[in-house]
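**Q** This one is work-v1.cif, mmCIF, C-alpha atoms.
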data_run
loop_
_atom_site.label_atom_id
_atom_site.label_comp_id
_atom_site.auth_asym_id
_atom_site.auth_seq_id
_atom_site.Cartn_x
_atom_site.Cartn_y
_atom_site.Cartn_z
CA MET A 29 -10.57 -14.05 -15.00
CA ASP A 30 -11.29 -10.61 -16.37
CA ILE A 31 -13.33 -9.17 -13.51
CA HIS A 32 -12.97 -5.90 -11.66
CA ASN A 33 -14.17 -4.51 -8.34
CA THR A 34 -15.12 -0.93 -9.16
CA ASN A 35 -15.09 0.05 -5.49
CA GLU A 36 -11.31 -0.37 -5.58
CA ASP A 37 -11.11 2.57 -7.97
CA ILE A 38 -13.34 4.70 -5.74
CA VAL A 39 -11.36 3.88 -2.59
CA PHE A 40 -7.94 4.38 -4.18
CA SER A 41 -9.00 7.74 -5.57
CA ALA A 42 -10.62 8.87 -2.31
CA VAL A 43 -7.60 7.88 -0.20
CA GLN A 44 -5.23 9.77 -2.48
CA LYS A 45 -7.48 12.84 -2.43
CA ILE A 46 -7.92 12.86 1.36
CA PHE A 47 -4.24 12.25 2.10
CA ASP A 48 -3.19 14.96 -0.36
CA GLU A 49 -5.69 17.43 1.15
CA ILE A 50 -4.30 16.75 4.64
CA GLN A 51 -0.78 17.25 3.36
CA ASN A 52 -1.64 20.46 1.53
CA SER A 53 -3.35 21.86 4.66
CA GLY A 54 -0.13 21.52 6.63
CA ASN A 55 -1.08 18.23 8.29
CA PRO A 56 -2.02 19.77 11.69
CA GLU A 57 -2.58 16.33 13.28
CA LYS A 58 0.91 15.22 12.18
CA TYR A 59 -0.37 12.07 10.50
CA CYS A 60 2.06 9.85 8.66
CA LEU A 61 1.05 10.16 5.01
CA CYS A 62 3.62 7.84 3.47
CA TYR A 63 2.94 5.29 0.74
CA GLN A 64 2.66 2.41 3.20
CA CYS A 65 0.07 4.18 5.36
CA ARG A 66 -1.93 5.02 2.25
CA ILE A 67 -2.18 1.42 1.06
CA ASP A 68 -2.87 0.21 4.62
CA THR A 69 -5.77 2.67 4.76
CA VAL A 70 -6.98 1.44 1.35
CA CYS A 71 -6.96 -2.16 2.62
CA TYR A 72 -8.74 -1.20 5.83
CA THR A 73 -11.50 0.52 3.86
CA LEU A 74 -11.92 -2.17 1.19
CA ASN A 75 -12.23 -4.87 3.85
CA ARG A 76 -15.24 -3.04 5.29
CA ILE A 77 -17.34 -2.37 2.20
CA GLU A 78 -19.14 -4.72 -0.17
CA PRO A 79 -17.38 -5.22 -3.52
CA ASN A 80 -19.06 -4.21 -6.77
CA TYR A 81 -17.83 -6.50 -9.54
CA ILE A 82 -18.19 -5.98 -13.28
CA VAL A 83 -17.08 -8.16 -16.18
CA SER A 84 -17.64 -5.89 -19.19
CA ASN A 85 -17.85 -2.34 -20.45
CA ARG A 86 -21.65 -2.71 -20.37
CA GLY A 87 -21.40 -3.34 -16.62
CA PHE A 88 -19.26 -0.23 -16.27
CA THR A 89 -21.77 1.97 -18.10
CA ARG A 90 -24.55 0.77 -15.79
CA ILE A 91 -22.77 2.22 -12.75
CA ASP A 92 -24.64 5.28 -11.52
CA GLN A 93 -21.93 7.89 -10.97
CA THR A 94 -24.29 10.64 -9.81
CA GLY A 95 -27.25 8.97 -8.07
CA MET A 96 -28.09 8.95 -4.37
CA LYS A 97 -26.77 5.42 -3.88
CA HIS A 98 -23.38 6.37 -5.29
CA GLN A 99 -23.26 9.49 -3.12
CA GLN A 100 -24.06 7.42 -0.02
CA ILE A 101 -21.32 4.92 -0.90
CA GLU A 102 -18.82 7.75 -1.26
CA ALA A 103 -19.89 9.20 2.11
CA ASP A 104 -19.53 5.81 3.81
CA ILE A 105 -16.12 5.32 2.21
CA THR A 106 -14.94 8.75 3.35
CA THR A 107 -15.94 7.95 6.94
CA LEU A 108 -14.09 4.64 6.81
CA ILE A 109 -10.99 6.26 5.32
CA TYR A 110 -10.69 8.75 8.17
CA LYS A 111 -11.22 5.98 10.71
CA GLY A 112 -8.65 3.81 8.95
CA LEU A 113 -6.18 6.68 8.75
CA ARG A 114 -6.34 7.18 12.53
CA LEU A 115 -6.03 3.45 13.28
CA VAL A 116 -3.14 3.00 10.86
CA ASN A 117 -1.30 5.93 12.44
CA HIS A 118 -1.75 4.42 15.89
CA ASN A 119 -0.28 1.15 14.63
CA LEU A 120 2.47 2.14 12.19
CA ARG A 121 4.08 -0.77 10.40
CA PRO A 122 7.56 -1.24 11.92
CA THR A 123 8.95 -2.60 8.64
CA ALA A 124 8.02 0.45 6.53
CA PRO A 125 10.28 3.54 6.23
CA HIS A 126 7.48 6.11 6.92
CA ASP A 127 9.70 8.83 5.45
CA GLY A 128 7.58 9.71 2.44
CA SER A 129 9.39 7.35 0.10
CA SER A 130 7.46 4.80 -1.94
CA THR A 131 7.87 1.08 -1.73
CA PRO A 132 10.14 0.20 -4.66
CA THR A 133 8.52 -1.64 -7.51
CA VAL A 134 10.12 -4.29 -9.66
CA ARG A 135 10.99 -2.87 -13.06
CA ALA A 136 11.13 -5.31 -15.96
CA ASN A 137 14.09 -3.72 -17.78
CA HIS A 138 15.77 -7.11 -17.97
CA PRO A 139 14.60 -10.72 -17.62
CA MET A 140 13.92 -11.98 -14.12
CA PHE A 141 13.07 -15.26 -12.44
CA ASP A 142 9.79 -14.60 -10.63
CA ILE A 143 9.60 -16.71 -7.46
CA PRO A 144 6.05 -17.39 -6.24
CA THR A 145 4.87 -16.79 -2.71
CA ILE A 146 5.91 -19.59 -0.36
CA ALA A 147 3.61 -20.71 2.45
CA GLY A 148 3.68 -23.43 5.09
CA ARG A 149 2.81 -24.43 8.63
CA ILE A 150 4.96 -25.55 11.56
CA PHE A 151 3.77 -27.65 14.50
CA ASN A 152 5.21 -28.88 17.78
CA GLY A 153 6.05 -32.53 17.08
CA GLU A 154 5.11 -33.61 20.61
CA SER A 155 1.83 -31.76 21.19
CA PHE A 156 0.88 -31.21 17.51
CA GLU A 157 0.02 -27.63 18.47
CA PRO A 158 0.95 -24.81 16.04
CA VAL A 159 4.11 -23.04 17.18
CA THR A 160 4.32 -19.35 18.06
CA GLY A 161 7.06 -16.99 19.18
CA LEU A 162 9.69 -18.39 16.80
CA GLU A 163 11.48 -16.82 13.84
CA VAL A 164 11.36 -18.70 10.53
CA PHE A 165 14.11 -17.93 7.99
CA LEU A 166 14.13 -18.52 4.24
CA TYR A 167 17.59 -19.18 2.78
CA TYR A 168 19.05 -19.51 -0.71
CA GLU A 169 22.71 -20.37 -1.35
CA GLY A 170 23.52 -19.90 2.32
CA GLU A 171 22.06 -16.37 2.60
CA PRO A 172 18.70 -15.04 3.83
CA VAL A 173 16.44 -14.35 0.85
CA ALA A 174 15.51 -10.74 0.08
CA MET A 175 11.77 -10.13 0.03
CA ARG A 176 9.69 -8.45 -2.71
CA ASN A 177 8.90 -5.39 -0.56
CA ASN A 178 8.63 -4.14 3.02
CA ASN A 179 5.29 -5.86 3.56
CA TRP A 180 7.02 -9.26 3.52
CA GLN A 181 9.60 -10.14 6.18
CA ASN A 182 12.48 -12.58 6.41
CA PRO A 183 12.65 -13.82 9.11
CA PHE A 184 8.94 -14.37 9.61
CA MET A 185 7.85 -14.17 13.25
CA MET A 186 5.31 -16.84 14.20
CA VAL A 187 2.52 -15.14 16.18
CA SER A 188 -0.73 -16.31 17.77
CA SER A 189 -2.90 -14.44 15.23
CA THR A 190 -1.56 -16.71 12.47
CA PRO A 191 -1.04 -19.94 14.44
CA GLY A 192 1.61 -22.14 12.88
CA ALA A 193 1.46 -20.39 9.50
CA PHE A 194 4.30 -18.58 7.74
CA SER A 195 4.76 -17.05 4.29
CA PHE A 196 7.42 -15.41 2.14
CA TRP A 197 7.46 -13.62 -1.22
CA PRO A 198 11.05 -13.54 -2.52
CA ALA A 199 12.27 -10.72 -4.70
CA PRO A 200 12.74 -11.64 -8.39
CA ILE A 201 16.18 -12.96 -9.33
CA THR A 202 18.04 -11.51 -12.30
CA ALA A 203 18.45 -13.77 -15.33
CA ASP A 204 20.92 -13.59 -18.21
CA SER A 205 18.25 -14.09 -20.85
CA PRO A 206 14.47 -14.62 -21.14
CA ASP A 207 12.74 -18.00 -21.42
CA THR A 208 15.40 -19.76 -19.34
CA THR A 209 14.34 -22.49 -16.93
CA LYS A 210 16.19 -22.80 -13.64
CA GLU A 211 15.71 -24.80 -10.48
CA PHE A 212 16.23 -22.95 -7.20
CA ILE A 213 16.96 -24.81 -3.97
CA PHE A 214 15.60 -22.95 -0.94
CA SER A 215 15.57 -23.92 2.71
CA VAL A 216 13.37 -23.02 5.68
CA LYS A 217 15.33 -22.78 8.92
CA ILE A 218 14.50 -22.46 12.60
CA ASN A 219 17.05 -22.25 15.40
CA SER A 220 15.57 -22.14 18.89
CA PRO A 221 16.96 -23.30 22.25
CA ASP A 222 13.59 -24.95 22.91
CA PHE A 223 13.68 -27.19 19.83
CA GLU A 224 16.01 -29.21 17.65
CA PRO A 225 17.20 -27.18 14.62
CA LEU A 226 14.95 -27.35 11.58
CA ASN A 227 16.43 -27.13 8.08
CA HIS A 228 13.94 -28.11 5.38
CA PHE A 229 15.12 -27.98 1.74
CA PHE A 230 12.79 -27.69 -1.26
CA ASN A 231 13.05 -26.90 -4.99
CA ILE A 232 11.17 -24.32 -7.04
CA THR A 233 11.45 -24.19 -10.84
CA ALA A 234 11.07 -20.77 -12.49
CA ILE A 235 11.21 -19.42 -16.06
CA SER A 236 12.84 -16.05 -16.72
CA LYS A 237 10.61 -13.34 -18.19
CA PHE A 238 10.61 -9.59 -18.68
CA HIS A 239 7.24 -9.22 -16.95
CA ASN A 240 7.02 -9.84 -13.20
CA PRO A 241 3.73 -9.69 -11.26
CA GLN A 242 3.31 -6.77 -8.86
CA SER A 243 0.69 -8.54 -6.74
CA TYR A 244 0.58 -12.06 -5.42
CA ALA A 245 -2.10 -14.67 -6.12
CA LEU A 246 -3.13 -17.73 -4.14
CA ASN A 247 -3.03 -19.87 -7.27
CA ARG A 248 0.67 -19.00 -7.65
CA THR A 249 1.64 -19.96 -4.10
CA TYR A 250 4.13 -22.76 -3.49
CA LYS A 251 2.74 -24.70 -0.52
CA LEU A 252 5.16 -26.64 1.65
CA PRO A 253 4.17 -29.82 3.50
CA ASP A 254 3.44 -29.39 7.21
CA LEU A 255 6.68 -29.23 9.18
CA TYR A 256 7.28 -30.41 12.75
CA ILE A 257 9.85 -29.36 15.31
CA PHE A 258 10.78 -31.35 18.42
CA PRO A 259 12.26 -30.61 21.83
CA PRO A 260 16.00 -31.32 22.14
CA GLY A 261 16.77 -35.03 22.04
CA ASP A 262 13.58 -36.08 20.24
CA GLY A 263 15.08 -35.84 16.76
CA GLU A 264 14.08 -33.87 13.67
CA LEU A 265 11.93 -35.66 11.09
CA ASN A 266 11.69 -33.07 8.31
CA GLY A 267 13.74 -33.38 5.14
#
Represent the structure contained in this file as structure tokens.

**A**
Amino acid sequence: MDIHNTNEDIVFSAVQKIFDEIQNSGNPEKYCLCYQCRIDTVCYTLNRIEPNYIVSNRGFTRIDQTGMKHQQIEADITTLIYKGLRLVNHNLRPTAPHDGSSTPTVRANHPMFDIPTIAGRIFNGESFEPVTGLEVFLYYEGEPVAMRNNNWQNPFMMVSSTPGAFSFWPAPITADSPDTTKEFIFSVKINSPDFEPLNHFFNITAISKFHNPQSYALNRTYKLPDLYIFPPGDGELNG
């Protein structure tokens, strides 16, 4: 669908401006101003304001860029950005470099197999409760799969805030030529002294292309069936 939330543009622009102004002033508060902290602040802000969707150039021209309502929105956004900046800096992402470098992007200089996001759930086979405190690994050809960027981890740690749920977004895989279809056999693995080992295999078919998406979409997610792990001696029922 060809729709656009215009508040994304306002927030992205305001975050860049505020972060750059802090950097140019010498950053007296010693905030981390890296790429990851910028996009985390963008997400924090966007999650706290109402979206403003348009579907055409006529909708764009109707946006009041100078009126009182627009000025109030910008003031509210600025307040949220500063709040988000402080919260993000108190909870720095451990998986990001925080050294001023940008998260690498996938460049389509050659054809790639784009693997969709992979999502699933894991439950205790005895209690049927979602599991927490376990690491879930994604493997391909006997090796842990590299992720698309630092915001996606392998292994994925199961935590109480996302009970039983895990997700991966593998990095694209280089292809020899475009428009080639290939089947990839992945496996989800768990090894824990509290449970029987889990090793669930599944296939994903991909077509090589020069263009690879830079953002994920729910309609492109490969959803696994619910998986169950059992205490030692109870057996493992997943394929």

**Q** Please indicate the distance in Å from CA of His126 (chain A) to CA of Cys60 (chain A), rounded to one decimal place.

**A**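 These two atoms are separated by 6.8 Å.
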
**Q** Can you build me a table of region 146-196 of chain A residues sitting at most 12 Å from region 62-68 of chain A, with the closest atom pair per residue and its distance in Å to one decimal, using all atoms listed in the file, sorted by chain and residue number, as JSON lines?

**A**
{"residue": "A:Asn177", "atom": "CA", "partner": "A:Gln64", "partner_atom": "CA", "distance": 10.7}
{"residue": "A:Asn178", "atom": "CA", "partner": "A:Gln64", "partner_atom": "CA", "distance": 8.9}
{"residue": "A:Asn179", "atom": "CA", "partner": "A:Gln64", "partner_atom": "CA", "distance": 8.7}

**Q** Please enumerate the residues selected by the PyMOL selection byres ((chain A and resi 201) around 8) when evaluated against the supplied file, formatted as a ChimeraX atom specification.

**A** /A:140-143,199-200,202-203

**Q** How many Å separate CA of Thr209 (chain A) from CA of Phe230 (chain A)?

**A** 16.6 Å

**Q** Determine the residue membership of the PyMOL selection byres ((chain A and resi 235) around 7) for the file above and supply it as a PDB file with C-alpha atoms, in the frame of the given file.

**A**
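The new file result.pdb reads:
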ATOM      1  CA  PHE A 141      13.070 -15.260 -12.440  1.00  0.00           C
ATOM      2  CA  ASP A 207      12.740 -18.000 -21.420  1.00  0.00           C
ATOM      3  CA  THR A 208      15.400 -19.760 -19.340  1.00  0.00           C
ATOM      4  CA  THR A 209      14.340 -22.490 -16.930  1.00  0.00           C
ATOM      5  CA  LYS A 210      16.190 -22.800 -13.640  1.00  0.00           C
ATOM      6  CA  ALA A 234      11.070 -20.770 -12.490  1.00  0.00           C
ATOM      7  CA  SER A 236      12.840 -16.050 -16.720  1.00  0.00           C
ATOM      8  CA  LYS A 237      10.610 -13.340 -18.190  1.00  0.00           C
TER       9      LYS A 237
END

**Q** Would you work out the distance separating CA of Ser215 (chain A) from CA of Arg176 (chain A), expressed in Å to one decimal?

**A**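 Interatomic distance here is 17.4 Å.
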
**Q** Select all residues near (12.3, -18.6, 14.5) (cut-off 7 Å, inclusive, file coordinates), counting only C-alpha atoms, and output them as a list in words.

**A**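 So the residues meeting the distance criterion are Leu162, Glu163, Val164, Phe165, Met185, Ile218, Asn219 and Ser220 of chain A.
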
**Q** Nearest residue to Asn227 (chain A) out of A:Tyr250, A:Phe212, A:Tyr167, A:Phe151, using only C-alpha atoms?

**A**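 Of A:Tyr250, A:Phe212, A:Tyr167, A:Phe151, the one nearest Asn227 (chain A) is A:Tyr167, counting only C-alpha atoms.
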
**Q** Which residue is closest to Arg121 (chain A)? Choose from A:Gly261, A:Val43, A:Pro206, A:Thr69 and count all atoms listed in the file.

**A** A:Thr69
